[in-house]
Amino acid sequence: MSRATTVRNLLDEHGRTYAEEAGIRLRDTPMPLYQLLTLCALFSVPIKAGMAVSAARELFAAGLRTPHAMVEASWQDRVDALVRAHYRRYDESTATALGEGAQLALDRYHGDLRRLREEAGGDPGKLRDLLTEFPRIGPVGADIFSREAQGLWPELRPAFDQRAQDAADGLGLPRAPEKLAGLVADEDLPRLAAALVRVGLG
């Protein structure tokens, strides 16, 4: 099978980003960027991906789609949404982390993560470091954010984390992020990265 066919099959069968699955219409505007940050925080504990996505959908359905809404909600409101999604064991600590992260987003970036991007000044390493200042957003969360947001913020390209690179290698595709990026158009980079991660998890 040619690389082109492998990539086409990957995108057709697995090329749904996690943001899309969580109901986030990802655009370079404050609300969807914050929703992506929330999703990354939910992913940053050892649980199944589907559970993190379900938890994000529950939080958003409860109206917790902005830092203001997250802060104004009670800790119990956040816990209840997580429990409805069966996000157990980490529900209470995550509810706390989400509240603290939302407050940080308001205090430092006025609720707009585009200001974080501006502070990074086009340096993807600095951007990742700033992301990890949010509770629960460690290196894994920063990887996920970069992977999903690379379609919006060119300085993050190419973003293929270790799991995606391992999956690519197993499929006979190049491991190097720059070479993987050459296989698709820029707008398809998040889809290819997500597809590789899904294959790796599967």
# chains A, B, ... in the order shown; residues from 1 in each chain; ligands from 1

call {"tool": "residues_around", "arguments": {"residues": "A:Arg114", "least_positions_apart": "3", "cutoff": "8 Å", "atoms": "only C-alpha atoms", "output": "number ranges by chain"}}
result
A: 28-30, 117-118

call {"tool": "residues_around", "arguments": {"residues": "stretch 51-55 of chain A", "least_positions_apart": "4", "cutoff": "9 Å", "atoms": "only C-alpha atoms", "output": "short mmCIF file (atom, residue, chain, number, x, y, z; two decimals) with all heavy atoms, in the first residue's frame"}}
result
data_model
loop_
_atom_site.label_atom_id
_atom_site.label_comp_id
_atom_site.auth_asym_id
_atom_site.auth_seq_id
_atom_site.Cartn_x
_atom_site.Cartn_y
_atom_site.Cartn_z
N TYR A 18 -10.18 15.19 18.35
CA TYR A 18 -10.83 15.03 19.65
C TYR A 18 -11.67 16.26 19.99
O TYR A 18 -12.71 16.13 20.65
CB TYR A 18 -9.79 14.74 20.73
CG TYR A 18 -9.26 13.34 20.64
CD1 TYR A 18 -8.05 13.06 20.01
CD2 TYR A 18 -9.98 12.27 21.17
CE1 TYR A 18 -7.57 11.75 19.91
CE2 TYR A 18 -9.51 10.97 21.09
CZ TYR A 18 -8.30 10.72 20.45
OH TYR A 18 -7.83 9.43 20.34
N ALA A 19 -11.25 17.43 19.53
CA ALA A 19 -12.06 18.63 19.73
C ALA A 19 -13.41 18.47 19.05
O ALA A 19 -14.46 18.77 19.63
CB ALA A 19 -11.32 19.85 19.20
N GLU A 21 -14.92 15.70 18.29
CA GLU A 21 -15.70 14.68 19.00
C GLU A 21 -16.32 15.26 20.27
O GLU A 21 -17.43 14.84 20.67
CB GLU A 21 -14.81 13.49 19.35
CG GLU A 21 -15.57 12.32 19.96
CD GLU A 21 -14.68 11.15 20.32
OE1 GLU A 21 -13.48 11.16 19.97
OE2 GLU A 21 -15.19 10.22 20.98
N ALA A 22 -15.65 16.20 20.89
CA ALA A 22 -16.16 16.82 22.12
C ALA A 22 -17.18 17.92 21.83
O ALA A 22 -17.67 18.56 22.76
CB ALA A 22 -15.00 17.38 22.94
N GLY A 23 -17.46 18.15 20.57
CA GLY A 23 -18.44 19.17 20.21
C GLY A 23 -17.88 20.57 20.13
O GLY A 23 -18.63 21.56 20.13
N LEU A 39 -10.63 20.47 27.59
CA LEU A 39 -10.51 19.09 27.12
C LEU A 39 -9.13 18.54 27.44
O LEU A 39 -8.99 17.39 27.88
CB LEU A 39 -10.78 19.03 25.61
CG LEU A 39 -10.67 17.66 24.94
CD1 LEU A 39 -11.71 16.69 25.49
CD2 LEU A 39 -10.83 17.79 23.42
N CYS A 40 -8.10 19.34 27.23
CA CYS A 40 -6.73 18.89 27.51
C CYS A 40 -6.53 18.60 28.99
O CYS A 40 -5.85 17.63 29.35
CB CYS A 40 -5.74 19.94 27.04
SG CYS A 40 -5.70 20.15 25.24
N ALA A 41 -7.13 19.41 29.85
CA ALA A 41 -7.04 19.16 31.28
C ALA A 41 -7.71 17.83 31.63
O ALA A 41 -7.21 17.07 32.47
CB ALA A 41 -7.69 20.30 32.06
N LEU A 42 -8.81 17.54 30.99
CA LEU A 42 -9.53 16.29 31.25
C LEU A 42 -8.74 15.07 30.77
O LEU A 42 -8.83 13.99 31.35
CB LEU A 42 -10.90 16.33 30.57
CG LEU A 42 -11.87 17.38 31.13
CD1 LEU A 42 -13.06 17.56 30.20
CD2 LEU A 42 -12.33 17.01 32.52
N PHE A 43 -7.99 15.25 29.70
CA PHE A 43 -7.17 14.17 29.15
C PHE A 43 -5.92 13.90 30.01
O PHE A 43 -5.30 12.85 29.86
CB PHE A 43 -6.70 14.52 27.74
CG PHE A 43 -7.57 13.98 26.65
CD1 PHE A 43 -8.23 14.84 25.78
CD2 PHE A 43 -7.73 12.61 26.46
CE1 PHE A 43 -9.03 14.35 24.76
CE2 PHE A 43 -8.52 12.11 25.45
CZ PHE A 43 -9.18 12.98 24.59
N SER A 44 -5.57 14.83 30.87
CA SER A 44 -4.27 14.76 31.54
C SER A 44 -4.26 13.92 32.81
O SER A 44 -3.45 14.14 33.70
CB SER A 44 -3.78 16.18 31.84
OG SER A 44 -3.54 16.87 30.63
N VAL A 45 -5.16 12.96 32.87
CA VAL A 45 -5.12 11.94 33.92
C VAL A 45 -5.24 10.58 33.21
O VAL A 45 -5.70 10.51 32.07
CB VAL A 45 -6.26 12.11 34.95
CG1 VAL A 45 -6.10 13.42 35.70
CG2 VAL A 45 -7.62 12.04 34.29
N ILE A 47 -7.01 8.09 32.16
CA ILE A 47 -8.33 7.53 31.90
C ILE A 47 -8.47 7.29 30.40
O ILE A 47 -7.64 7.74 29.62
CB ILE A 47 -9.46 8.48 32.37
CG1 ILE A 47 -9.37 9.79 31.60
CG2 ILE A 47 -9.42 8.70 33.87
CD1 ILE A 47 -10.61 10.64 31.74
N LEU A 59 -19.65 18.99 30.64
CA LEU A 59 -19.34 20.33 31.14
C LEU A 59 -19.88 21.40 30.21
O LEU A 59 -20.49 22.38 30.66
CB LEU A 59 -17.82 20.49 31.30
CG LEU A 59 -17.17 19.72 32.44
CD1 LEU A 59 -15.66 19.65 32.25
CD2 LEU A 59 -17.49 20.38 33.79
N PHE A 60 -19.69 21.20 28.90
CA PHE A 60 -20.17 22.20 27.94
C PHE A 60 -21.69 22.23 27.90
O PHE A 60 -22.30 23.31 27.79
CB PHE A 60 -19.59 21.91 26.55
CG PHE A 60 -18.09 21.86 26.49
CD1 PHE A 60 -17.44 21.09 25.53
CD2 PHE A 60 -17.31 22.55 27.41
CE1 PHE A 60 -16.05 21.03 25.47
CE2 PHE A 60 -15.92 22.50 27.36
CZ PHE A 60 -15.29 21.74 26.39
N ALA A 81 -21.19 17.37 36.92
CA ALA A 81 -21.06 17.18 35.47
C ALA A 81 -20.07 16.05 35.16
O ALA A 81 -20.31 15.22 34.29
CB ALA A 81 -20.62 18.47 34.80
N LEU A 82 -18.97 16.02 35.90
CA LEU A 82 -17.96 14.98 35.68
C LEU A 82 -18.51 13.60 36.06
O LEU A 82 -18.26 12.61 35.36
CB LEU A 82 -16.70 15.30 36.49
CG LEU A 82 -15.95 16.56 36.07
CD1 LEU A 82 -14.86 16.90 37.07
CD2 LEU A 82 -15.36 16.41 34.67
N VAL A 83 -19.26 13.54 37.14
CA VAL A 83 -19.84 12.27 37.58
C VAL A 83 -20.84 11.76 36.55
O VAL A 83 -20.91 10.55 36.27
CB VAL A 83 -20.48 12.40 38.97
CG1 VAL A 83 -21.31 11.17 39.31
CG2 VAL A 83 -19.40 12.61 40.03
N ARG A 84 -21.62 12.67 35.97
CA ARG A 84 -22.57 12.25 34.93
C ARG A 84 -21.86 11.60 33.75
O ARG A 84 -22.43 10.74 33.07
CB ARG A 84 -23.40 13.45 34.44
CG ARG A 84 -24.43 13.93 35.44
CD ARG A 84 -25.45 14.85 34.77
NE ARG A 84 -24.87 16.08 34.24
CZ ARG A 84 -24.68 17.19 34.96
NH1 ARG A 84 -25.02 17.22 36.24
NH2 ARG A 84 -24.16 18.26 34.39
N ALA A 85 -20.63 12.00 33.52
CA ALA A 85 -19.85 11.41 32.42
C ALA A 85 -19.05 10.19 32.89
O ALA A 85 -18.24 9.66 32.12
CB ALA A 85 -18.90 12.45 31.84
N HIS A 86 -19.26 9.76 34.15
CA HIS A 86 -18.54 8.61 34.72
C HIS A 86 -17.04 8.88 34.82
O HIS A 86 -16.23 7.96 34.76
CB HIS A 86 -18.81 7.34 33.92
CG HIS A 86 -20.26 7.04 33.75
ND1 HIS A 86 -21.08 6.67 34.78
CD2 HIS A 86 -21.05 7.11 32.64
CE1 HIS A 86 -22.31 6.51 34.33
NE2 HIS A 86 -22.33 6.78 33.05
N TYR A 87 -16.69 10.16 34.97
CA TYR A 87 -15.30 10.57 35.13
C TYR A 87 -14.97 10.44 36.62
O TYR A 87 -14.91 11.41 37.35
CB TYR A 87 -15.16 12.02 34.65
CG TYR A 87 -13.76 12.54 34.47
CD1 TYR A 87 -13.12 12.48 33.23
CD2 TYR A 87 -13.08 13.16 35.52
CE1 TYR A 87 -11.85 13.01 33.06
CE2 TYR A 87 -11.81 13.69 35.35
CZ TYR A 87 -11.20 13.60 34.12
OH TYR A 87 -9.93 14.12 33.94
#

call {"tool": "atom_distance", "arguments": {"atom1": "atom CA of A:Glu58", "atom2": "atom CA of A:Val79"}}
result
10.6 Å

call {"tool": "atom_distance", "arguments": {"atom1": "atom CA of A:Gly121", "atom2": "atom CA of A:Ser146"}}
result
15.3 Å

call {"tool": "residues_around", "arguments": {"residues": "A:Leu180", "least_positions_apart": "5", "cutoff": "10 Å", "atoms": "only C-alpha atoms", "output": "list in words"}}
result
Val7, Pro158, Ala159, Phe160, Ala164, Gln165, Ala168, Leu173, Pro174, Arg175, Leu189, Leu192 and Ala193 of chain A

call {"tool": "residues_around", "arguments": {"residues": "A:Leu116", "least_positions_apart": "5", "cutoff": "10 Å", "atoms": "only C-alpha atoms", "output": "JSON, numbers by chain"}}
result
{"A": [105, 108, 109, 110, 111, 121, 126, 127, 128, 130, 131]}

call {"tool": "select_by_dssp", "arguments": {"residues": "stretch 136-190 of chain A", "states": "helix (DSSP H, G or I)", "output": "JSON, numbers by chain"}}
result
{"A": [139, 140, 141, 142, 143, 144, 145, 146, 147, 148, 149, 154, 155, 156, 162, 163, 164, 165, 166, 167, 168, 169, 170, 177, 178, 179, 180, 181, 186, 187, 188, 189, 190]}

call {"tool": "write_last_selection", "arguments": {"atoms": "N, CA and C atoms", "output": "mmCIF file, in the first residue's frame"}}
result
data_model
loop_
_atom_site.group_PDB
_atom_site.id
_atom_site.type_symbol
_atom_site.label_atom_id
_atom_site.label_comp_id
_atom_site.auth_asym_id
_atom_site.auth_seq_id
_atom_site.Cartn_x
_atom_site.Cartn_y
_atom_site.Cartn_z
ATOM 1 N N PRO A 139 3.067 18.180 30.246
ATOM 2 C CA PRO A 139 3.554 17.947 28.888
ATOM 3 C C PRO A 139 2.550 17.218 28.003
ATOM 4 N N VAL A 140 1.821 16.251 28.569
ATOM 5 C CA VAL A 140 0.829 15.525 27.764
ATOM 6 C C VAL A 140 -0.284 16.468 27.310
ATOM 7 N N GLY A 141 -0.793 17.273 28.237
ATOM 8 C CA GLY A 141 -1.841 18.225 27.879
ATOM 9 C C GLY A 141 -1.368 19.236 26.853
ATOM 10 N N ALA A 142 -0.117 19.696 26.991
ATOM 11 C CA ALA A 142 0.434 20.644 26.016
ATOM 12 C C ALA A 142 0.578 19.989 24.650
ATOM 13 N N ASP A 143 0.943 18.706 24.634
ATOM 14 C CA ASP A 143 1.015 17.965 23.370
ATOM 15 C C ASP A 143 -0.352 17.919 22.697
ATOM 16 N N ILE A 144 -1.374 17.619 23.483
ATOM 17 C CA ILE A 144 -2.721 17.502 22.923
ATOM 18 C C ILE A 144 -3.190 18.850 22.382
ATOM 19 N N PHE A 145 -2.977 19.903 23.169
ATOM 20 C CA PHE A 145 -3.375 21.235 22.711
ATOM 21 C C PHE A 145 -2.658 21.581 21.406
ATOM 22 N N SER A 146 -1.361 21.332 21.349
ATOM 23 C CA SER A 146 -0.583 21.645 20.150
ATOM 24 C C SER A 146 -1.061 20.845 18.948
ATOM 25 N N ARG A 147 -1.342 19.576 19.185
ATOM 26 C CA ARG A 147 -1.810 18.685 18.121
ATOM 27 C C ARG A 147 -3.117 19.197 17.528
ATOM 28 N N GLU A 148 -4.034 19.586 18.406
ATOM 29 C CA GLU A 148 -5.361 19.989 17.950
ATOM 30 C C GLU A 148 -5.378 21.418 17.405
ATOM 31 N N ALA A 149 -4.535 22.297 17.951
ATOM 32 C CA ALA A 149 -4.569 23.716 17.570
ATOM 33 C C ALA A 149 -3.629 24.052 16.420
ATOM 34 N N PRO A 154 -0.050 28.411 13.142
ATOM 35 C CA PRO A 154 1.002 27.789 12.332
ATOM 36 C C PRO A 154 2.304 27.510 13.076
ATOM 37 N N GLU A 155 2.627 28.317 14.095
ATOM 38 C CA GLU A 155 3.897 28.106 14.791
ATOM 39 C C GLU A 155 3.935 26.766 15.523
ATOM 40 N N LEU A 156 2.795 26.130 15.722
ATOM 41 C CA LEU A 156 2.764 24.821 16.382
ATOM 42 C C LEU A 156 3.055 23.676 15.421
ATOM 43 N N GLN A 162 4.715 11.655 20.633
ATOM 44 C CA GLN A 162 5.357 10.343 20.605
ATOM 45 C C GLN A 162 4.388 9.243 20.187
ATOM 46 N N ARG A 163 3.172 9.299 20.708
ATOM 47 C CA ARG A 163 2.192 8.261 20.375
ATOM 48 C C ARG A 163 1.867 8.280 18.881
ATOM 49 N N ALA A 164 1.705 9.477 18.327
ATOM 50 C CA ALA A 164 1.418 9.595 16.897
ATOM 51 C C ALA A 164 2.603 9.103 16.066
ATOM 52 N N GLN A 165 3.822 9.449 16.499
ATOM 53 C CA GLN A 165 5.008 9.013 15.762
ATOM 54 C C GLN A 165 5.154 7.492 15.798
ATOM 55 N N ASP A 166 4.872 6.898 16.956
ATOM 56 C CA ASP A 166 4.957 5.438 17.062
ATOM 57 C C ASP A 166 3.947 4.763 16.144
ATOM 58 N N ALA A 167 2.733 5.300 16.094
ATOM 59 C CA ALA A 167 1.700 4.737 15.231
ATOM 60 C C ALA A 167 2.092 4.882 13.768
ATOM 61 N N ALA A 168 2.658 6.026 13.412
ATOM 62 C CA ALA A 168 3.099 6.243 12.029
ATOM 63 C C ALA A 168 4.151 5.207 11.643
ATOM 64 N N ASP A 169 5.094 4.982 12.536
ATOM 65 C CA ASP A 169 6.154 4.007 12.288
ATOM 66 C C ASP A 169 5.558 2.619 12.060
ATOM 67 N N GLY A 170 4.563 2.270 12.862
ATOM 68 C CA GLY A 170 3.929 0.960 12.722
ATOM 69 C C GLY A 170 3.169 0.794 11.432
ATOM 70 N N PRO A 177 8.198 14.362 12.427
ATOM 71 C CA PRO A 177 7.044 15.237 12.256
ATOM 72 C C PRO A 177 7.058 16.037 10.951
ATOM 73 N N GLU A 178 8.232 16.520 10.553
ATOM 74 C CA GLU A 178 8.316 17.314 9.330
ATOM 75 C C GLU A 178 7.934 16.476 8.104
ATOM 76 N N LYS A 179 8.335 15.213 8.105
ATOM 77 C CA LYS A 179 7.999 14.345 6.976
ATOM 78 C C LYS A 179 6.532 13.943 7.003
ATOM 79 N N LEU A 180 5.998 13.709 8.179
ATOM 80 C CA LEU A 180 4.568 13.422 8.287
ATOM 81 C C LEU A 180 3.753 14.611 7.787
ATOM 82 N N ALA A 181 4.187 15.808 8.142
ATOM 83 C CA ALA A 181 3.454 17.002 7.738
ATOM 84 C C ALA A 181 3.431 17.168 6.221
ATOM 85 N N ASP A 186 -1.908 21.572 5.156
ATOM 86 C CA ASP A 186 -1.817 22.117 6.518
ATOM 87 C C ASP A 186 -3.116 21.961 7.285
ATOM 88 N N GLU A 187 -4.253 22.174 6.604
ATOM 89 C CA GLU A 187 -5.536 22.107 7.322
ATOM 90 C C GLU A 187 -5.875 20.697 7.793
ATOM 91 N N ASP A 188 -5.198 19.685 7.227
ATOM 92 C CA ASP A 188 -5.455 18.296 7.626
ATOM 93 C C ASP A 188 -4.473 17.782 8.672
ATOM 94 N N LEU A 189 -3.538 18.613 9.090
ATOM 95 C CA LEU A 189 -2.558 18.164 10.090
ATOM 96 C C LEU A 189 -3.220 17.716 11.400
ATOM 97 N N PRO A 190 -4.188 18.478 11.954
ATOM 98 C CA PRO A 190 -4.821 17.996 13.192
ATOM 99 C C PRO A 190 -5.535 16.660 12.999
#

call {"tool": "atom_distance", "arguments": {"atom1": "atom CA of A:Glu133", "atom2": "atom CA of A:Glu100"}}
result
10.9 Å

call {"tool": "residues_around", "arguments": {"residues": "A:Thr38", "least_positions_apart": "5", "cutoff": "9 Å", "atoms": "only C-alpha atoms", "output": "PyMOL selection string"}}
result
chain A and resi 33+43+56+65+98+101-102
